$ cat work.csv   # CSV, C-alpha atoms
chain,number,residue,atom,x,y,z
T,12,MET,CA,20.0,-12.4,-11.6
T,13,GLU,CA,16.5,-13.1,-13.0
T,14,LYS,CA,17.4,-16.8,-13.0
T,15,GLN,CA,18.6,-16.6,-9.5
T,16,PHE,CA,15.4,-14.8,-8.4
T,17,PRO,CA,12.6,-16.3,-10.5
T,18,ILE,CA,9.1,-15.0,-10.0
T,19,VAL,CA,7.2,-17.2,-7.6
T,20,GLN,CA,3.7,-17.9,-8.8
T,21,TYR,CA,0.9,-20.0,-7.3
T,22,VAL,CA,-1.9,-19.2,-9.7
T,23,ASP,CA,-1.3,-18.4,-13.4
T,24,GLU,CA,-3.2,-15.9,-15.6
T,25,ASP,CA,-5.8,-18.5,-16.5
T,26,GLY,CA,-6.7,-19.2,-12.9
T,27,GLN,CA,-4.9,-22.5,-12.8
T,28,LEU,CA,-2.8,-23.7,-9.8
T,29,VAL,CA,0.8,-24.0,-10.7
T,30,LYS,CA,2.2,-24.8,-7.2
T,31,ASP,CA,1.4,-28.2,-6.0
T,32,ASP,CA,1.5,-27.4,-2.3
T,33,ALA,CA,-0.7,-24.3,-2.5
T,34,ARG,CA,-3.4,-24.4,0.2
T,35,LEU,CA,-6.9,-23.7,-1.3
T,36,ASP,CA,-9.8,-22.9,0.9
T,37,LYS,CA,-13.1,-21.5,-0.5
T,38,GLU,CA,-13.8,-19.2,2.5
T,39,GLN,CA,-10.3,-17.8,2.4
T,40,LEU,CA,-10.4,-17.2,-1.4
T,41,TYR,CA,-13.6,-15.3,-1.0
T,42,GLN,CA,-11.9,-13.3,1.8
T,43,PHE,CA,-9.1,-12.5,-0.6
T,44,TYR,CA,-11.6,-11.6,-3.3
T,45,ARG,CA,-13.8,-9.4,-1.2
T,46,ALA,CA,-10.8,-7.5,0.2
T,47,MET,CA,-9.4,-6.8,-3.3
T,48,LEU,CA,-12.9,-5.9,-4.6
T,49,ARG,CA,-13.3,-3.5,-1.7
T,50,ALA,CA,-9.9,-1.9,-2.3
T,51,ARG,CA,-10.7,-1.4,-6.1
T,52,MET,CA,-14.1,0.1,-5.4
T,53,MET,CA,-12.5,2.5,-2.9
T,54,ASP,CA,-9.9,3.5,-5.4
T,55,LYS,CA,-12.5,4.2,-8.1
T,56,LYS,CA,-14.6,6.1,-5.6
T,57,CYS,CA,-11.7,8.3,-4.6
T,58,LEU,CA,-10.8,9.0,-8.2
T,59,ASN,CA,-14.4,10.1,-8.9
T,60,LEU,CA,-14.4,12.3,-5.8
T,61,GLN,CA,-11.2,14.0,-7.0
T,62,ARG,CA,-12.7,14.7,-10.4
T,63,GLN,CA,-15.7,16.2,-8.6
T,64,GLY,CA,-13.4,18.5,-6.5
T,65,ARG,CA,-14.5,16.8,-3.3
T,66,ILE,CA,-11.0,15.6,-2.4
T,67,GLY,CA,-7.5,16.9,-3.4
T,68,THR,CA,-4.9,15.3,-5.6
T,69,TYR,CA,-5.3,11.5,-5.3
T,70,VAL,CA,-2.8,8.7,-5.6
T,71,GLN,CA,-4.2,5.6,-7.4
T,72,TYR,CA,-3.2,2.0,-7.0
T,73,GLU,CA,-5.6,0.1,-9.3
T,74,GLY,CA,-3.8,-3.0,-10.5
T,75,GLN,CA,-1.8,-3.4,-7.3
T,76,GLU,CA,-4.6,-4.8,-5.1
T,77,ALA,CA,-3.1,-8.3,-4.8
T,78,ALA,CA,0.2,-7.0,-3.7
T,79,GLN,CA,-1.2,-4.7,-1.0
T,80,VAL,CA,-4.1,-6.8,0.2
T,81,GLY,CA,-2.3,-10.1,0.2
T,82,SER,CA,0.6,-8.8,2.2
T,83,ALA,CA,-1.7,-6.9,4.6
T,84,LEU,CA,-3.6,-10.1,5.4
T,85,ALA,CA,-0.4,-11.9,6.2
T,86,VAL,CA,0.5,-9.8,9.3
T,87,GLU,CA,-1.2,-9.9,12.7
T,88,ASP,CA,-3.3,-7.2,14.3
T,89,GLU,CA,-0.6,-6.0,16.7
T,90,ASP,CA,2.1,-5.8,14.1
T,91,TRP,CA,3.3,-2.5,12.6
T,92,MET,CA,2.5,-1.2,9.1
T,93,PHE,CA,4.5,1.5,7.4
T,94,PRO,CA,2.8,2.6,4.2
T,95,THR,CA,3.6,5.1,1.5
T,96,TYR,CA,1.1,7.5,0.1
T,97,ARG,CA,-0.1,4.8,-2.3
T,98,ASP,CA,-0.8,2.0,0.1
T,99,HIS,CA,-4.3,2.7,1.3
T,100,ALA,CA,-5.4,-0.7,0.0
T,101,ALA,CA,-3.0,-2.2,2.5
T,102,THR,CA,-4.0,0.1,5.4
T,103,MET,CA,-7.8,-0.4,4.8
T,104,THR,CA,-7.3,-4.1,4.7
T,105,PHE,CA,-5.3,-3.9,7.9
T,106,GLY,CA,-8.1,-2.1,9.6
T,107,HIS,CA,-7.8,1.6,8.9
T,108,SER,CA,-11.2,3.3,8.8
T,109,LEU,CA,-12.6,4.4,5.4
T,110,LYS,CA,-13.8,7.6,7.0
T,111,ASN,CA,-10.3,8.6,8.0
T,112,LEU,CA,-9.0,7.6,4.6
T,113,PHE,CA,-11.4,10.0,3.0
T,114,LEU,CA,-10.3,12.6,5.5
T,115,TYR,CA,-6.7,12.0,4.6
T,116,TRP,CA,-7.4,12.9,0.9
T,117,LYS,CA,-9.3,15.9,2.1
T,118,GLY,CA,-6.1,17.1,3.7
T,119,ARG,CA,-7.2,16.6,7.3
T,120,LEU,CA,-4.9,15.7,10.1
T,121,GLU,CA,-7.4,13.1,11.4
T,122,GLY,CA,-6.9,11.1,8.2
T,123,SER,CA,-3.5,9.9,9.5
T,124,ILE,CA,-4.9,8.6,12.8
T,125,PRO,CA,-5.5,4.8,12.8
T,126,PRO,CA,-8.2,3.1,14.9
T,127,GLU,CA,-7.4,2.3,18.5
T,128,GLY,CA,-5.1,-0.6,18.7
T,129,LYS,CA,-3.9,-0.5,15.1
T,130,ASN,CA,-0.2,0.3,14.6
T,131,ILE,CA,-0.4,2.1,11.3
T,132,PHE,CA,2.1,4.9,10.7
T,133,PRO,CA,1.0,8.0,8.7
T,134,PRO,CA,1.7,7.5,5.0
T,135,ALA,CA,5.2,8.5,4.1
T,136,VAL,CA,5.4,11.0,1.4
T,137,PRO,CA,9.2,11.4,1.4
T,138,ILE,CA,10.5,8.5,-0.5
T,139,ALA,CA,11.9,5.6,1.6
T,140,SER,CA,11.9,7.4,4.9
T,141,GLN,CA,9.4,4.8,6.3
T,142,LEU,CA,12.0,2.0,6.0
T,143,LEU,CA,14.0,3.6,8.7
T,144,HIS,CA,10.9,4.1,10.9
T,145,ALA,CA,9.9,0.4,10.4
T,146,THR,CA,13.4,-0.8,11.2
T,147,GLY,CA,13.7,1.4,14.3
T,148,THR,CA,10.2,0.3,15.6
T,149,ALA,CA,10.9,-3.4,15.0
T,150,TRP,CA,14.2,-3.0,16.8
T,151,ALA,CA,12.4,-1.4,19.8
T,152,GLU,CA,10.0,-4.4,19.8
T,153,LYS,CA,12.9,-6.8,19.8
T,154,LYS,CA,14.5,-5.0,22.7
T,155,LYS,CA,11.2,-5.3,24.6
T,156,LYS,CA,11.3,-9.0,23.8
T,157,SER,CA,7.9,-8.9,22.0
T,158,ASP,CA,7.3,-10.9,18.8
T,159,ARG,CA,5.8,-7.9,16.9
T,160,VAL,CA,6.9,-7.5,13.3
T,161,SER,CA,7.1,-4.4,11.0
T,162,ILE,CA,6.1,-4.4,7.3
T,163,ALA,CA,7.3,-1.5,5.2
T,164,TYR,CA,6.0,-0.7,1.8
T,165,PHE,CA,7.9,1.0,-1.0
T,166,GLY,CA,8.2,1.3,-4.7
T,167,ASP,CA,11.1,0.6,-7.1
T,168,GLY,CA,12.2,4.2,-7.0
T,169,ALA,CA,12.8,4.0,-3.2
T,170,THR,CA,15.6,1.5,-3.7
T,171,SER,CA,17.7,4.3,-5.2
T,172,GLU,CA,17.4,6.3,-1.9
T,173,GLY,CA,20.0,6.1,0.9
T,174,ASP,CA,17.3,5.3,3.4
T,175,PHE,CA,16.6,2.0,1.6
T,176,HIS,CA,20.2,0.9,2.0
T,177,GLU,CA,20.5,2.2,5.6
T,178,GLY,CA,17.4,0.4,6.6
T,179,LEU,CA,18.4,-2.9,5.1
T,180,ASN,CA,21.9,-2.7,6.4
T,181,PHE,CA,20.8,-1.8,10.0
T,182,ALA,CA,18.1,-4.5,9.9
T,183,SER,CA,20.7,-7.1,8.7
T,184,VAL,CA,23.3,-6.2,11.3
T,185,PHE,CA,20.9,-6.4,14.2
T,186,ASN,CA,18.7,-9.2,12.9
T,187,ILE,CA,15.6,-7.0,13.1
T,188,PRO,CA,12.1,-8.4,12.4
T,189,VAL,CA,11.2,-6.3,9.3
T,190,VAL,CA,9.5,-7.4,6.1
T,191,PHE,CA,10.6,-5.0,3.4
T,192,PHE,CA,7.8,-5.2,0.8
T,193,ASN,CA,8.6,-3.7,-2.6
T,194,GLN,CA,6.0,-3.1,-5.2
T,195,ASN,CA,7.8,-3.0,-8.5
T,196,ASN,CA,5.4,-1.6,-11.1
T,197,GLY,CA,8.3,-0.8,-13.5
T,198,TYR,CA,8.3,3.0,-13.1
T,199,ALA,CA,9.5,5.6,-10.6
T,200,ILE,CA,7.0,8.2,-11.7
T,201,SER,CA,8.1,8.6,-15.4
T,202,VAL,CA,11.4,6.8,-15.1
T,203,PRO,CA,11.4,3.1,-16.2
T,204,MET,CA,13.4,0.7,-14.1
T,205,GLU,CA,16.1,0.1,-16.8
T,206,LYS,CA,16.9,3.9,-16.7
T,207,GLN,CA,17.0,4.0,-13.0
T,208,MET,CA,19.2,1.1,-12.2
T,209,LYS,CA,21.4,-1.5,-13.8
T,210,SER,CA,20.1,-4.2,-11.4
T,211,LYS,CA,17.8,-6.6,-13.2
T,212,THR,CA,15.7,-7.2,-10.1
T,213,ILE,CA,15.0,-5.5,-6.8
T,214,ALA,CA,15.4,-8.7,-4.9
T,215,GLN,CA,19.1,-9.0,-5.7
T,216,LYS,CA,19.8,-5.9,-3.7
T,217,GLY,CA,19.2,-7.9,-0.6
T,218,LEU,CA,22.4,-10.0,-1.3
T,219,ALA,CA,24.7,-7.1,-0.2
T,220,TYR,CA,23.1,-7.2,3.2
T,221,ASP,CA,22.8,-11.0,3.5
T,222,ILE,CA,19.0,-10.7,3.7
T,223,PRO,CA,16.8,-13.5,2.3
T,224,SER,CA,15.1,-12.1,-0.8
T,225,ILE,CA,12.4,-13.3,-3.1
T,226,ARG,CA,10.4,-12.2,-6.2
T,227,VAL,CA,6.7,-12.9,-6.4
T,228,ASP,CA,4.0,-12.4,-9.0
T,229,GLY,CA,2.5,-9.3,-7.5
T,230,ASN,CA,-0.8,-9.9,-9.3
T,231,ASP,CA,-1.2,-13.4,-7.7
T,232,ILE,CA,-2.7,-12.9,-4.3
T,233,LEU,CA,-2.0,-16.4,-3.2
T,234,ALA,CA,1.8,-16.0,-4.0
T,235,VAL,CA,1.9,-12.7,-2.2
T,236,TYR,CA,0.0,-13.9,0.9
T,237,PHE,CA,1.8,-17.2,1.4
T,238,GLU,CA,5.3,-15.9,0.8
T,239,THR,CA,4.7,-12.8,2.9
T,240,GLU,CA,3.3,-15.1,5.6
T,241,LYS,CA,6.5,-17.1,5.6
T,242,ALA,CA,8.6,-13.9,5.9
T,243,VAL,CA,6.5,-12.6,8.7
T,244,GLU,CA,6.7,-15.9,10.7
T,245,ARG,CA,10.4,-16.1,10.1
T,246,ALA,CA,10.8,-12.6,11.5
T,247,ARG,CA,8.6,-13.4,14.4
T,248,ARG,CA,10.7,-16.5,15.3
T,249,GLY,CA,13.8,-14.3,15.4
T,250,GLY,CA,15.0,-15.1,11.9
T,251,GLY,CA,15.4,-11.5,10.9
T,252,SER,CA,14.4,-9.5,7.8
T,253,THR,CA,13.2,-10.5,4.3
T,254,LEU,CA,13.1,-8.4,1.1
T,255,ILE,CA,10.1,-9.2,-1.1
T,256,GLU,CA,9.8,-7.9,-4.6
T,257,ALA,CA,6.2,-8.0,-5.8
T,258,VAL,CA,6.3,-7.6,-9.6
T,259,THR,CA,3.1,-5.8,-10.6
T,260,TRP,CA,1.5,-3.1,-12.7
T,261,ARG,CA,-0.5,0.0,-11.9
T,262,TYR,CA,-3.0,0.9,-14.6
T,263,GLY,CA,-3.5,4.6,-13.8
T,264,ALA,CA,-1.3,7.7,-13.4
T,265,HIS,CA,1.3,8.2,-10.7
T,266,THR,CA,-1.2,10.7,-9.3
T,267,THR,CA,-4.3,12.6,-10.6
T,268,ALA,CA,-1.9,15.4,-11.4
T,269,ASP,CA,0.1,13.2,-13.8
T,270,ASP,CA,-0.3,12.2,-17.4
T,271,PRO,CA,1.3,8.7,-17.9
T,272,SER,CA,0.6,8.8,-21.7
T,273,LYS,CA,3.6,11.1,-22.0
T,274,TYR,CA,6.1,8.4,-20.9
T,275,ARG,CA,4.2,5.0,-21.0
T,276,ASN,CA,2.4,3.0,-23.6
T,277,GLN,CA,-1.1,3.0,-22.2
T,278,GLN,CA,-2.1,0.1,-24.5
T,279,GLU,CA,-0.1,-2.1,-22.3
T,280,SER,CA,-2.4,-1.2,-19.4
T,281,ASP,CA,-5.4,-2.1,-21.5
T,282,GLN,CA,-3.9,-5.4,-22.4
T,283,ARG,CA,-3.0,-6.2,-18.8
T,284,ARG,CA,-6.6,-5.6,-17.7
T,285,GLN,CA,-7.5,-8.6,-19.9
T,286,THR,CA,-4.6,-10.8,-18.9
T,287,THR,CA,-2.7,-10.2,-15.6
T,288,ASP,CA,-5.4,-8.3,-13.6
T,289,PRO,CA,-5.3,-9.6,-10.0
T,290,ILE,CA,-9.1,-9.6,-9.4
T,291,LEU,CA,-9.8,-11.3,-12.8
T,292,ARG,CA,-7.3,-14.0,-11.9
T,293,ILE,CA,-9.0,-14.9,-8.7
T,294,GLU,CA,-12.4,-14.9,-10.4
T,295,LYS,CA,-11.0,-17.4,-12.9
T,296,LEU,CA,-9.6,-19.5,-10.0
T,297,LEU,CA,-12.9,-19.6,-8.2
T,298,ASN,CA,-14.7,-20.5,-11.4
T,299,ASN,CA,-12.2,-23.2,-12.2
T,300,GLN,CA,-12.8,-24.7,-8.7
T,301,GLY,CA,-16.6,-24.6,-9.2
T,302,TRP,CA,-16.9,-22.0,-6.4
T,303,TRP,CA,-17.9,-18.9,-8.3
T,304,ASN,CA,-21.1,-17.4,-6.9
T,305,GLU,CA,-22.5,-14.4,-8.8
T,306,ALA,CA,-25.2,-13.6,-6.2
T,307,ALA,CA,-22.6,-13.6,-3.4
T,308,VAL,CA,-20.4,-11.2,-5.4
T,309,LYS,CA,-23.3,-8.9,-6.1
T,310,GLU,CA,-24.1,-8.9,-2.3
T,311,MET,CA,-20.5,-8.0,-1.6
T,312,GLN,CA,-20.6,-5.1,-4.0
T,313,GLU,CA,-23.8,-3.7,-2.4
T,314,GLU,CA,-22.3,-4.0,1.1
T,315,ILE,CA,-19.1,-2.3,0.1
T,316,THR,CA,-21.0,0.5,-1.6
T,317,ASP,CA,-23.1,1.1,1.5
T,318,GLU,CA,-19.9,1.1,3.7
T,319,MET,CA,-18.2,3.6,1.4
T,320,ASN,CA,-21.1,5.9,1.2
T,321,ASP,CA,-21.6,5.9,5.0
T,322,ALA,CA,-17.9,6.6,5.5
T,323,LEU,CA,-18.0,9.4,2.9
T,324,GLN,CA,-21.0,11.0,4.5
T,325,ALA,CA,-19.3,10.8,8.0
T,326,SER,CA,-16.1,12.4,6.6
T,327,GLU,CA,-18.0,15.2,4.9
T,328,SER,CA,-20.0,15.8,8.2
T,329,VAL,CA,-16.8,16.6,10.2
T,330,GLU,CA,-16.5,20.2,11.2
T,331,GLU,CA,-14.3,22.5,9.1
T,332,PRO,CA,-10.8,22.6,10.6
T,333,ASP,CA,-9.3,25.5,12.5
T,334,LEU,CA,-6.5,26.5,10.1
T,335,ASN,CA,-4.4,27.6,13.0
T,336,GLN,CA,-3.6,23.9,13.2
T,337,LEU,CA,-1.2,24.5,10.4
T,338,PHE,CA,1.0,26.4,12.8
T,339,ASP,CA,0.7,24.1,15.8
T,340,ASN,CA,3.2,21.3,16.6
T,341,VAL,CA,5.9,22.6,14.3
T,342,PHE,CA,8.1,23.5,17.3
T,343,ALA,CA,7.8,22.9,21.0
T,344,GLU,CA,7.8,26.7,21.4
T,345,PRO,CA,6.6,28.7,18.4
T,346,THR,CA,9.3,30.8,16.7
T,347,TRP,CA,8.7,34.4,15.8
T,348,THR,CA,8.4,33.4,12.2
T,349,ILE,CA,5.6,30.9,12.9
T,350,GLU,CA,3.8,33.5,15.1
T,351,GLU,CA,4.2,36.1,12.4
T,352,GLN,CA,2.6,33.7,9.9
T,353,ARG,CA,-0.2,32.9,12.3
T,354,MET,CA,-1.0,36.5,12.9
T,355,LYS,CA,-1.0,37.2,9.2
T,356,HIS,CA,-3.3,34.3,8.5
T,357,ASN,CA,-5.7,35.5,11.3
T,358,ARG,CA,-5.7,39.0,9.9
T,359,ILE,CA,-6.5,37.9,6.4
T,360,SER,CA,-9.2,35.5,7.6
T,361,LYS,CA,-10.8,38.3,9.6
T,362,GLU,CA,-10.7,40.6,6.5
T,363,VAL,CA,-12.5,38.1,4.3
T,364,GLY,CA,-14.9,37.2,7.0
T,365,GLN,CA,-13.9,33.6,7.7

$ encode --input "work.csv" --output "structure tokens"
Amino acid sequence: MEKQFPIVQYVDEDGQLVKDDARLDKEQLYQFYRAMLRARMMDKKCLNLQRQGRIGTYVQYEGQEAAQVGSALAVEDEDWMFPTYRDHAATMTFGHSLKNLFLYWKGRLEGSIPPEGKNIFPPAVPIASQLLHATGTAWAEKKKKSDRVSIAYFGDGATSEGDFHEGLNFASVFNIPVVFFNQNNGYAISVPMEKQMKSKTIAQKGLAYDIPSIRVDGNDILAVYFETEKAVERARRGGGSTLIEAVTWRYGAHTTADDPSKYRNQQESDQRRQTTDPILRIEKLLNNQGWWNEAAVKEMQEEITDEMNDALQASESVEEPDLNQLFDNVFAEPTWTIEEQRMKHNRISKEVGQ
């Protein structure tokens, strides 16, 4: 199956083009670079904030920037995005506000609200449930005779869930415009892929549903962008779904509550930072093309830092929430158990003077 689904690569680890028909544009490459740099700086910022106790448990994605950013740039503004809890690099690239991303990690309801006109679902914490949402939404768009497409993100562990198979089967049967975008970083939390499935690839799982499938180098943003663009346009023209497996690697822990050294050789992460890192690769490509500009990159870093600091200040200036919100919107009419919990909460809050 690895021969049937070879990894598609446009740029190798040395920043050399390996695909003859790859389109290279200096302005676009810098767009790619800036978006990945912004995503990485945001990830590092959030990790530091978690260590300072200013946000809650945080889910890192460092190392997966090319997969998320490249795919997000390949969809159009009015398309639909269905992220997991780890895909904030994709959502911020697609237009989610940094202020609301900070609020999300502070546990605020507002953090799941996208900007006006942006079709971004709240991050799915249950594994693979978003694939069904993406399929249903794209089916609704098809029935409305629009050309809007859904892109659904998920990890390798999600392919062991029934929702994955139900989503792909339904999308196949009804020829629904969904791009199923898998980020395969080799582990479902602590379980390596070879202990989770006998399949050698994720892409081969599309065969059962007669869905076109492809494996791409998930650390090569050109491969991710152009192959996702093809899948999106195919879906938009009525060609149905595509399953994309982006083979990548995440440097950090599953979450800040996890210790990956207990189940993964961390030396591999150190080595990959020097070889397969997605940002390093595009830096090498820009340098090989004679387009590297140190001053422009420094300016980018300063702009991104200012943007993040402004967004963080705005998020920390938001009023403290009314904790009664925890009990709202659970049922159309609150049950006696919910009301009992609400009254108990209010009584305790009054006693402690909150």

$ residues_around --input "work.csv" --residues "Gly249 of chain T" --least-positions-apart "5" --cutoff "8 Å" --atoms "all atoms listed in the file" --output "PDB file with C-alpha atoms, in the coordinates of the input"
ATOM      1  CA  ASN T 186      18.700  -9.200  12.900  1.00  0.00           C
ATOM      2  CA  ILE T 187      15.600  -7.000  13.100  1.00  0.00           C
ATOM      3  CA  PRO T 188      12.100  -8.400  12.400  1.00  0.00           C
TER       4      PRO T 188
END

$ residues_around --input "work.csv" --residues "segment 82-90 of chain T" --least-positions-apart "2" --cutoff "6 Å" --atoms "all atoms listed in the file" --output "PDB file with C-alpha atoms, in the frame of the given file"
ATOM      1  CA  GLN T  79      -1.200  -4.700  -1.000  1.00  0.00           C
ATOM      2  CA  VAL T  80      -4.100  -6.800   0.200  1.00  0.00           C
ATOM      3  CA  ALA T 101      -3.000  -2.200   2.500  1.00  0.00           C
ATOM      4  CA  PHE T 105      -5.300  -3.900   7.900  1.00  0.00           C
ATOM      5  CA  ARG T 159       5.800  -7.900  16.900  1.00  0.00           C
ATOM      6  CA  VAL T 160       6.900  -7.500  13.300  1.00  0.00           C
ATOM      7  CA  TYR T 236       0.000 -13.900   0.900  1.00  0.00           C
ATOM      8  CA  THR T 239       4.700 -12.800   2.900  1.00  0.00           C
ATOM      9  CA  GLU T 240       3.300 -15.100   5.600  1.00  0.00           C
TER      10      GLU T 240
END

$ closest_residue --input "work.csv" --among "T:Leu142, T:Met47, T:Val136, T:Val189" --to "Ala100 of chain T" --atoms "all atoms listed in the file"
T:Met47

$ closest_residue --input "work.csv" --among "T:Asn193, T:Asn335, T:Thr253, T:Asn340" --to "Lys355 of chain T" --atoms "all atoms listed in the file"
T:Asn335

$ closest_atom_pairs --input "work.csv" --of "segment 209-286 of chain T" --to "segment 292-302 of chain T" --cutoff "10 Å" --atoms "all atoms listed in the file" --output "Markdown table"
| residue | atom | partner | partner_atom | distance |
| --- | --- | --- | --- | --- |
| T:Asn230 | CA | T:Arg292 | CA | 8.1 |
| T:Asp231 | CA | T:Arg292 | CA | 7.4 |
| T:Ile232 | CA | T:Ile293 | CA | 7.9 |
| T:Leu233 | CA | T:Ile293 | CA | 9.0 |
| T:Gln285 | CA | T:Arg292 | CA | 9.7 |
| T:Thr286 | CA | T:Arg292 | CA | 8.2 |

$ atom_distance --input "work.csv" --atom1 "atom CA of Ile225 of chain T" --atom2 "atom CA of Phe192 of chain T"
10.1 Å

$ atom_distance --input "work.csv" --atom1 "atom CA of Val29 of chain T" --atom2 "atom CA of Trp260 of chain T"
21.0 Å

$ residues_around --input "work.csv" --residues "Glu73 of chain T" --least-positions-apart "5" --cutoff "7 Å" --atoms "only C-alpha atoms" --output "number ranges by chain"
T: 51, 54, 261-263

$ atom_distance --input "work.csv" --atom1 "atom CA of Ala182 of chain T" --atom2 "atom CA of Gly106 of chain T"
26.3 Å

$ closest_residue --input "work.csv" --among "T:Ile66, T:Met12, T:Tyr164, T:Ser272" --to "Arg119 of chain T" --atoms "only C-alpha atoms"
T:Ile66

$ residues_around --input "work.csv" --residues "Arg275 of chain T" --least-positions-apart "4" --cutoff "10 Å" --atoms "only C-alpha atoms" --output "short mmCIF file (atom, residue, chain, number, x, y, z; two decimals) with C-alpha atoms, in the coordinates of the input"
data_model
loop_
_atom_site.label_atom_id
_atom_site.label_comp_id
_atom_site.auth_asym_id
_atom_site.auth_seq_id
_atom_site.Cartn_x
_atom_site.Cartn_y
_atom_site.Cartn_z
CA TYR T 198 8.30 3.00 -13.10
CA SER T 201 8.10 8.60 -15.40
CA VAL T 202 11.40 6.80 -15.10
CA PRO T 203 11.40 3.10 -16.20
CA ALA T 264 -1.30 7.70 -13.40
CA ASP T 270 -0.30 12.20 -17.40
CA PRO T 271 1.30 8.70 -17.90
CA GLU T 279 -0.10 -2.10 -22.30
CA SER T 280 -2.40 -1.20 -19.40
#

$ closest_residue --input "work.csv" --among "T:Ala234, T:Leu28, T:Met354, T:Ala135" --to "Phe338 of chain T" --atoms "only C-alpha atoms"
T:Met354

$ closest_residue --input "work.csv" --among "T:Val329, T:Lys117, T:Val22, T:Thr316" --to "Leu60 of chain T" --atoms "only C-alpha atoms"
T:Lys117

$ residues_near_point --input "work.csv" --point "(-19.0, -0.5, 3.0)" --cutoff "12 Å" --atoms "only C-alpha atoms" --output "count of residues only"
27

$ residues_around --input "work.csv" --residues "Gly229 of chain T" --least-positions-apart "3" --cutoff "10 Å" --atoms "only C-alpha atoms" --output "list in words"
Ile18, Val19, Gln20, Gly74, Gln75, Glu76, Ala77, Ala78, Gln79, Gly81, Ser82, Asn193, Gln194, Asn195, Asn196, Arg226, Ile232, Leu233, Ala234, Val235, Tyr236, Ile255, Glu256, Ala257, Val258, Thr259, Trp260, Thr287 and Pro289 of chain T

$ residues_near_point --input "work.csv" --point "(-9.7, 26.6, 10.7)" --cutoff "12 Å" --atoms "only C-alpha atoms" --output "NGL selection string"
:T and (119-120 or 330-339 or 353 or 356-357 or 360-361 or 365)

$ write_last_selection --input "work.csv" --atoms "C-alpha atoms" --output "PDB file, in the frame of the given file"
ATOM      1  CA  ARG T 119      -7.200  16.600   7.300  1.00  0.00           C
ATOM      2  CA  LEU T 120      -4.900  15.700  10.100  1.00  0.00           C
ATOM      3  CA  GLU T 330     -16.500  20.200  11.200  1.00  0.00           C
ATOM      4  CA  GLU T 331     -14.300  22.500   9.100  1.00  0.00           C
ATOM      5  CA  PRO T 332     -10.800  22.600  10.600  1.00  0.00           C
ATOM      6  CA  ASP T 333      -9.300  25.500  12.500  1.00  0.00           C
ATOM      7  CA  LEU T 334      -6.500  26.500  10.100  1.00  0.00           C
ATOM      8  CA  ASN T 335      -4.400  27.600  13.000  1.00  0.00           C
ATOM      9  CA  GLN T 336      -3.600  23.900  13.200  1.00  0.00           C
ATOM     10  CA  LEU T 337      -1.200  24.500  10.400  1.00  0.00           C
ATOM     11  CA  PHE T 338       1.000  26.400  12.800  1.00  0.00           C
ATOM     12  CA  ASP T 339       0.700  24.100  15.800  1.00  0.00           C
ATOM     13  CA  ARG T 353      -0.200  32.900  12.300  1.00  0.00           C
ATOM     14  CA  HIS T 356      -3.300  34.300   8.500  1.00  0.00           C
ATOM     15  CA  ASN T 357      -5.700  35.500  11.300  1.00  0.00           C
ATOM     16  CA  SER T 360      -9.200  35.500   7.600  1.00  0.00           C
ATOM     17  CA  LYS T 361     -10.800  38.300   9.600  1.00  0.00           C
ATOM     18  CA  GLN T 365     -13.900  33.600   7.700  1.00  0.00           C
TER      19      GLN T 365
END

$ closest_residue --input "work.csv" --among "T:Pro17, T:Ser161, T:Gln141, T:Leu291" --to "Gly173 of chain T" --atoms "all atoms listed in the file"
T:Gln141

$ build_atoms --input "work.csv" --residues "segment 93-102 of chain T" --atoms "N, CA and C atoms" --output "PDB file, keeping the file's coordinate frame"
ATOM      1  N   PHE T  93       3.896   0.272   7.827  1.00  0.00           N
ATOM      2  CA  PHE T  93       4.500   1.500   7.400  1.00  0.00           C
ATOM      3  C   PHE T  93       4.226   1.750   5.918  1.00  0.00           C
ATOM      4  N   PRO T  94       3.147   2.466   5.595  1.00  0.00           N
ATOM      5  CA  PRO T  94       2.800   2.600   4.200  1.00  0.00           C
ATOM      6  C   PRO T  94       3.391   3.857   3.544  1.00  0.00           C
ATOM      7  N   THR T  95       3.342   3.876   2.229  1.00  0.00           N
ATOM      8  CA  THR T  95       3.600   5.100   1.500  1.00  0.00           C
ATOM      9  C   THR T  95       2.278   5.781   1.218  1.00  0.00           C
ATOM     10  N   TYR T  96       2.307   6.818   0.428  1.00  0.00           N
ATOM     11  CA  TYR T  96       1.100   7.500   0.100  1.00  0.00           C
ATOM     12  C   TYR T  96       0.198   6.728  -0.880  1.00  0.00           C
ATOM     13  N   ARG T  97       0.679   5.570  -1.377  1.00  0.00           N
ATOM     14  CA  ARG T  97      -0.100   4.800  -2.300  1.00  0.00           C
ATOM     15  C   ARG T  97      -0.672   3.496  -1.713  1.00  0.00           C
ATOM     16  N   ASP T  98      -0.451   3.282  -0.442  1.00  0.00           N
ATOM     17  CA  ASP T  98      -0.800   2.000   0.100  1.00  0.00           C
ATOM     18  C   ASP T  98      -2.018   1.932   0.957  1.00  0.00           C
ATOM     19  N   HIS T  99      -3.014   2.709   0.565  1.00  0.00           N
ATOM     20  CA  HIS T  99      -4.300   2.700   1.300  1.00  0.00           C
ATOM     21  C   HIS T  99      -5.053   1.412   1.130  1.00  0.00           C
ATOM     22  N   ALA T 100      -4.778   0.642   0.080  1.00  0.00           N
ATOM     23  CA  ALA T 100      -5.400  -0.700   0.000  1.00  0.00           C
ATOM     24  C   ALA T 100      -4.889  -1.584   1.087  1.00  0.00           C
ATOM     25  N   ALA T 101      -3.600  -1.445   1.403  1.00  0.00           N
ATOM     26  CA  ALA T 101      -3.000  -2.200   2.500  1.00  0.00           C
ATOM     27  C   ALA T 101      -3.560  -1.754   3.844  1.00  0.00           C
ATOM     28  N   THR T 102      -3.609  -0.437   4.057  1.00  0.00           N
ATOM     29  CA  THR T 102      -4.000   0.100   5.400  1.00  0.00           C
ATOM     30  C   THR T 102      -5.506  -0.211   5.624  1.00  0.00           C
TER      31      THR T 102
END
